[in-house]
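Working notes, structure below.
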Amino acid sequence: MPFKVEMQRFTTKIVELMKSNSLFASQGGPIIFSQIENEYGNGGIESAYGPSGKSYVTWAAGMATALNTGVPWNMCQQPDAPDPIINTCNGFYCDQFTPNSDKKPKMWTENWTGWFLSFGGAVPHRPVEDIAFAVARFFQRGGTFQNYYMYHGGTNFGRTSGGPFISTSYDYDAPLDEYGLVRQPKWGHLKDLHKAIKLCEPAMVATDPTISSLGQNLEAGVYKTESGLCSAFLANTGTESDATVSFGGNSYNLPAWSVSILPDCKNVAFNTAKINSMKTLSRFTRASTSSFSDWAWVNEPVGISSDNAIMKLGLAEQINTTADKSDFMWYSASFEIRGNELYRQTGSQTTLHVQSLGHALYAFVNKKLVGSGKGNSGNAKVVLDIPVSLIVGKNTVDLLSVTVGLQNYGAFFDLSGAGVTGPVQLKGLNNGSGVDLSSQQWTYQVGLKGEELGLSGGDSSLWTSQSSLPKQQPLIWYKTTIDAPASTDPLALDLSSMGKGEAWVNGQSIGRYWPTYAAPSSGCTDSCNYRGSYSSTKCQSNCGKASQLLYHVPRDWLKPSGNVLVLFEQIGGDPTQISFATKQSGSLCSTVSESHPMPVDMWNTLDQDSSSEKAGPTLSLECPHPNEVISSIKFASFGTPEGTCGSFSHGKCSSKKALSLIQKACIGSRRCSIGVSSETFGDPCAGITKTLAVEASCT
């Protein structure tokens, strides 16, 4: 079949490129592992194709291994991967995964650190305590390799987003965000987790774990060798209550839904629910600039405007017609109305009925916009029923169908299609029986006139500049010249004043924008309980608000001045309200209790048998930029502080020394650390475990 021919040609090309640069480990290079296919065995995809699905898996495996890379190949989520292909796990949890042969390692190729954002959806978040719990459980139960998806968030520039309806932002709540900034405490807590696992490496590579029960929802995974190496993972998989367990003659407190890591089978180096890493707050601030004022525009014509238009009977599927060269396709038809045919039966107004496979649709009758509709990530289809006013004589219907990324997952996704496939009907005509336009002659245009003319580059002579800039008008191109903000902070365009479209900076597309598509008003929570199995809808924010208002502009796309910004606006907006926003670091916060393990970085500096009791939990802060120092302590409390970063408050008890001690230890320094104990702060409330909470700022 053609797909297999092209797949083999592409795979061979990539492998030969790697070989020619000696990049495989078998050649002394860094590539230790290769993948063929992706999740073909997941969600019933393979089975949907029947016997040919199985034969395709066998063919793909044979094709890959025949390329002789000298490194193993894997197939993700492929339980029937044939030898020697290694089947691996993708998901939020893979501790229960078992490869299809005891000769294959237990590997986790995608640990989802969050989830993608969709236009019209709320913003997903995954708590780092849950990610750390999942990773520790995986290695507790014999895991050998674990990889994050995503570790660094990104941006779907241009028309690269899929889905459909996946947003331009692909931040994914990753440890490194869309703008390349560290997301704390996610990044720091996972860094500490892997340091703790690394401490267990000698025992883990020498033997397999022994799994034993320590009670209901309590489990130990122990790596112990005859030579005396020993490392242990103690887990509490319950979601309600903390537990005290006995292991190796010692007692250990295990918070619900957590794992403690004991590199020496005695001392806790890390607990997944107890975060030593600080939290950072960030914010977008409107950048002061004199730009975004001198605008020019070009109106996009309604309907067919290209000499390359095509005509055919019936309605055409969009993707096969456009070959994905554009998001846009015009469908245009005309028809005659005679005499009083409009109101012959009841005098009621005619209704235009249109059915589309998606993803968005604008309907024009006699060149006037009469209605629009959009699908969503769960159902891309669009159905319009619009009252329209027709005229005696010739009438035109122009339908602009718009894709928002293409289907990229599931069985037969290549057949899902898009665009107006009908019916298209005028209900109420012909004595109420209506008129079906679906099978008559239609004219089609792939793309927009502005695309054909290259307006996105900004160089055309067609731009109009007048004092009366059209606003809130559909199908219009805008252009202005802008200066880059002087700072080096990451940069975004605030497009909250616009409707739906695409934007270009110096000819490069920053992606589709759609600030008018808001998330449902329900389904979010002010706080997220990390305990219990995670799903992409468990911890959401931004309900009832636009899914995405800010759009990443890479600094290296910009010149200091004279940058050309072009937008194509589909719905209508006010470009004069567009602004740059810079992403800036805000407060630093940390919350560490007396029951936290000592920082994992201190582990190798101590003699565990003689000195570990002298070490204890430590709160640390560090300004994110090397040229900054801690300039103020906004809050400090040792005792029973309440709230979260940015909204801390004193609880029932609080040491009077806390603020002054933290100020003395931290102000004027880029980083500071202080032990969390009653010896340091005094004991404001005896008999309970106390916590130190601090909020600071840097300048």
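Within each chain, counting starts at residue 1; across the structure tokens, chains are named A, B, ... in the order shown, with ligands numbered 1 upward in that order.
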Neighbour list for stretch 561-565 of chain A as a tab-separated table (two decimals) with all heavy atoms, in the first residue's frame, cut-off 7 Å, only C-alpha atoms, skip fewer than 3 positions in-chain:
```
chain	number	residue	atom	x	y	z
A	458	GLY	N	3.30	41.25	4.80
A	458	GLY	CA	3.15	42.68	5.02
A	458	GLY	C	3.63	43.58	3.90
A	458	GLY	O	3.58	44.81	4.03
A	479	LYS	N	-2.44	45.26	9.65
A	479	LYS	CA	-0.98	45.34	9.69
A	479	LYS	C	-0.55	46.57	10.48
A	479	LYS	O	-1.17	47.64	10.39
A	479	LYS	CB	-0.39	45.43	8.28
A	479	LYS	CG	1.15	45.48	8.26
A	479	LYS	CD	1.70	45.65	6.85
A	479	LYS	CE	1.63	47.09	6.40
A	479	LYS	NZ	2.47	47.35	5.19
A	480	THR	N	0.52	46.42	11.28
A	480	THR	CA	1.14	47.55	11.95
A	480	THR	C	2.62	47.25	12.10
A	480	THR	O	3.09	46.13	11.87
A	480	THR	CB	0.51	47.81	13.33
A	480	THR	OG1	0.97	49.06	13.83
A	480	THR	CG2	0.86	46.71	14.32
A	481	THR	N	3.38	48.28	12.48
A	481	THR	CA	4.81	48.14	12.76
A	481	THR	C	5.02	48.35	14.25
A	481	THR	O	4.49	49.29	14.84
A	481	THR	CB	5.63	49.16	11.97
A	481	THR	OG1	5.38	48.98	10.57
A	481	THR	CG2	7.12	48.97	12.23
A	482	ILE	N	5.79	47.46	14.86
A	482	ILE	CA	5.94	47.46	16.31
A	482	ILE	C	7.41	47.39	16.70
A	482	ILE	O	8.24	46.87	15.97
A	482	ILE	CB	5.18	46.28	16.96
A	482	ILE	CG1	5.61	44.95	16.32
A	482	ILE	CG2	3.68	46.46	16.84
A	482	ILE	CD1	4.97	43.73	16.92
A	483	ASP	N	7.70	47.93	17.87
A	483	ASP	CA	9.03	47.83	18.46
A	483	ASP	C	9.02	46.77	19.55
A	483	ASP	O	8.01	46.56	20.22
A	483	ASP	CB	9.46	49.17	19.07
A	483	ASP	CG	9.56	50.28	18.02
A	483	ASP	OD1	9.74	49.95	16.83
A	483	ASP	OD2	9.43	51.46	18.40
A	484	ALA	N	10.14	46.10	19.72
A	484	ALA	CA	10.25	45.08	20.76
A	484	ALA	C	10.44	45.74	22.12
A	484	ALA	O	11.22	46.69	22.23
A	484	ALA	CB	11.40	44.14	20.47
A	504	TRP	N	1.04	36.94	12.39
A	504	TRP	CA	2.40	36.77	11.89
A	504	TRP	C	3.28	37.92	12.39
A	504	TRP	O	2.84	39.08	12.43
A	504	TRP	CB	2.44	36.79	10.36
A	504	TRP	CG	1.75	35.66	9.69
A	504	TRP	CD1	2.31	34.53	9.17
A	504	TRP	CD2	0.34	35.54	9.40
A	504	TRP	NE1	1.36	33.71	8.61
A	504	TRP	CE2	0.13	34.31	8.73
A	504	TRP	CE3	-0.76	36.36	9.66
A	504	TRP	CZ2	-1.13	33.90	8.31
A	504	TRP	CZ3	-2.01	35.94	9.25
A	504	TRP	CH2	-2.19	34.72	8.58
A	505	VAL	N	4.50	37.61	12.77
A	505	VAL	CA	5.50	38.62	13.14
A	505	VAL	C	6.68	38.47	12.18
A	505	VAL	O	7.30	37.40	12.11
A	505	VAL	CB	5.95	38.46	14.60
A	505	VAL	CG1	7.10	39.40	14.91
A	505	VAL	CG2	4.79	38.71	15.55
A	506	ASN	N	6.94	39.52	11.43
A	506	ASN	CA	8.01	39.49	10.43
A	506	ASN	C	7.88	38.28	9.50
A	506	ASN	O	8.87	37.64	9.14
A	506	ASN	CB	9.39	39.53	11.11
A	506	ASN	CG	9.63	40.82	11.84
A	506	ASN	OD1	9.12	41.88	11.45
A	506	ASN	ND2	10.41	40.77	12.91
A	558	LEU	N	12.36	38.83	16.62
A	558	LEU	CA	12.15	40.27	16.64
A	558	LEU	C	13.45	41.06	16.44
A	558	LEU	O	14.53	40.62	16.86
A	558	LEU	CB	11.54	40.70	17.99
A	558	LEU	CG	10.14	40.19	18.29
A	558	LEU	CD1	9.77	40.53	19.73
A	558	LEU	CD2	9.12	40.80	17.33
```
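Proximity to A:Ser26 at 6 Å, evaluated using only C-alpha atoms and with sequence-adjacent residues fewer than 2 positions away removed, yields A:Phe24, A:Gly28, A:Gly70.
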Keeping only C-alpha atoms, write the selected residues to a file as an mmCIF file, in the first residue's frame.
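Final output, saved to result_37.cif:
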```
data_model
loop_
_atom_site.group_PDB
_atom_site.id
_atom_site.type_symbol
_atom_site.label_atom_id
_atom_site.label_comp_id
_atom_site.auth_asym_id
_atom_site.auth_seq_id
_atom_site.Cartn_x
_atom_site.Cartn_y
_atom_site.Cartn_z
ATOM 1 C CA PHE A 24 23.792 5.493 17.152
ATOM 2 C CA GLY A 28 29.869 5.518 19.549
ATOM 3 C CA GLY A 70 22.649 -1.637 16.442
#
```
Residue contacts of stretch 400-402 of chain A (9 Å, only C-alpha atoms) excluding same-chain residues fewer than 2 positions away, as a CSV table (one decimal) with N, CA and C atoms, in the first residue's frame:
```
chain,number,residue,atom,x,y,z
A,302,VAL,N,-15.6,38.3,0.1
A,302,VAL,CA,-16.5,37.2,0.4
A,302,VAL,C,-16.7,36.4,-0.8
A,303,GLY,N,-16.5,35.1,-0.7
A,303,GLY,CA,-16.8,34.2,-1.8
A,303,GLY,C,-15.6,34.0,-2.7
A,318,GLN,N,-13.5,18.8,2.5
A,318,GLN,CA,-12.5,19.9,2.5
A,318,GLN,C,-11.0,19.4,2.5
A,326,SER,N,-4.3,25.1,3.3
A,326,SER,CA,-4.9,26.2,4.0
A,326,SER,C,-5.9,25.7,4.9
A,327,ASP,N,-6.2,26.5,5.9
A,327,ASP,CA,-7.3,26.2,6.9
A,327,ASP,C,-8.7,26.5,6.2
A,328,PHE,N,-8.7,27.2,5.1
A,328,PHE,CA,-9.9,27.8,4.5
A,328,PHE,C,-10.3,27.1,3.2
A,329,MET,N,-11.6,27.0,3.0
A,329,MET,CA,-12.2,26.6,1.7
A,329,MET,C,-13.6,27.3,1.6
A,330,TRP,N,-13.7,28.0,0.5
A,330,TRP,CA,-15.0,28.6,0.1
A,330,TRP,C,-15.9,27.6,-0.6
A,331,TYR,N,-17.2,27.6,-0.3
A,331,TYR,CA,-18.2,26.8,-1.0
A,331,TYR,C,-19.2,27.9,-1.5
A,332,SER,N,-19.4,28.0,-2.8
A,332,SER,CA,-20.3,29.1,-3.3
A,332,SER,C,-21.3,28.5,-4.3
A,356,SER,N,-22.0,20.5,8.6
A,356,SER,CA,-20.6,20.4,8.3
A,356,SER,C,-19.9,19.4,9.2
A,358,GLY,N,-17.0,20.1,10.2
A,358,GLY,CA,-16.2,21.0,11.1
A,358,GLY,C,-15.1,21.6,10.3
A,359,HIS,N,-14.4,22.5,11.0
A,359,HIS,CA,-14.4,22.7,12.4
A,359,HIS,C,-15.1,24.0,12.8
A,360,ALA,N,-15.1,25.0,11.9
A,360,ALA,CA,-15.8,26.3,12.1
A,360,ALA,C,-16.4,26.7,10.7
A,361,LEU,N,-17.5,27.5,10.8
A,361,LEU,CA,-18.2,27.7,9.5
A,361,LEU,C,-18.8,29.1,9.6
A,362,TYR,N,-18.7,29.9,8.5
A,362,TYR,CA,-19.3,31.2,8.4
A,362,TYR,C,-20.2,31.2,7.1
A,363,ALA,N,-21.4,31.6,7.3
A,363,ALA,CA,-22.4,31.6,6.2
A,363,ALA,C,-22.7,33.0,5.8
A,364,PHE,N,-22.6,33.2,4.5
A,364,PHE,CA,-23.0,34.5,3.9
A,364,PHE,C,-24.1,34.3,2.8
A,398,ASP,N,-22.5,31.7,0.2
A,398,ASP,CA,-21.1,31.5,0.3
A,398,ASP,C,-20.8,31.0,1.7
A,404,VAL,N,-9.3,23.7,12.2
A,404,VAL,CA,-8.5,24.1,13.3
A,404,VAL,C,-7.6,23.0,13.7
A,418,ALA,N,-13.5,16.9,6.9
A,418,ALA,CA,-13.8,18.2,7.4
A,418,ALA,C,-14.6,18.9,6.3
A,419,GLY,N,-15.2,20.0,6.7
A,419,GLY,CA,-15.9,20.8,5.7
A,419,GLY,C,-17.4,20.5,5.5
A,420,VAL,N,-18.0,21.2,4.6
A,420,VAL,CA,-19.5,21.1,4.4
A,420,VAL,C,-19.7,19.9,3.5
```
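You can rank A:Asn100, A:Asn42, A:Ser677, A:Ser118 by their closest distance to A:Gly163 using only C-alpha atoms, and at the top of that list sits A:Ser118.
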Quiz item: When distances are computed from only C-alpha atoms, which of A:Asn147, A:Ser585, A:Ser416, A:Thr644 shows the smallest separation from A:Ser527?
Solution: A:Thr644
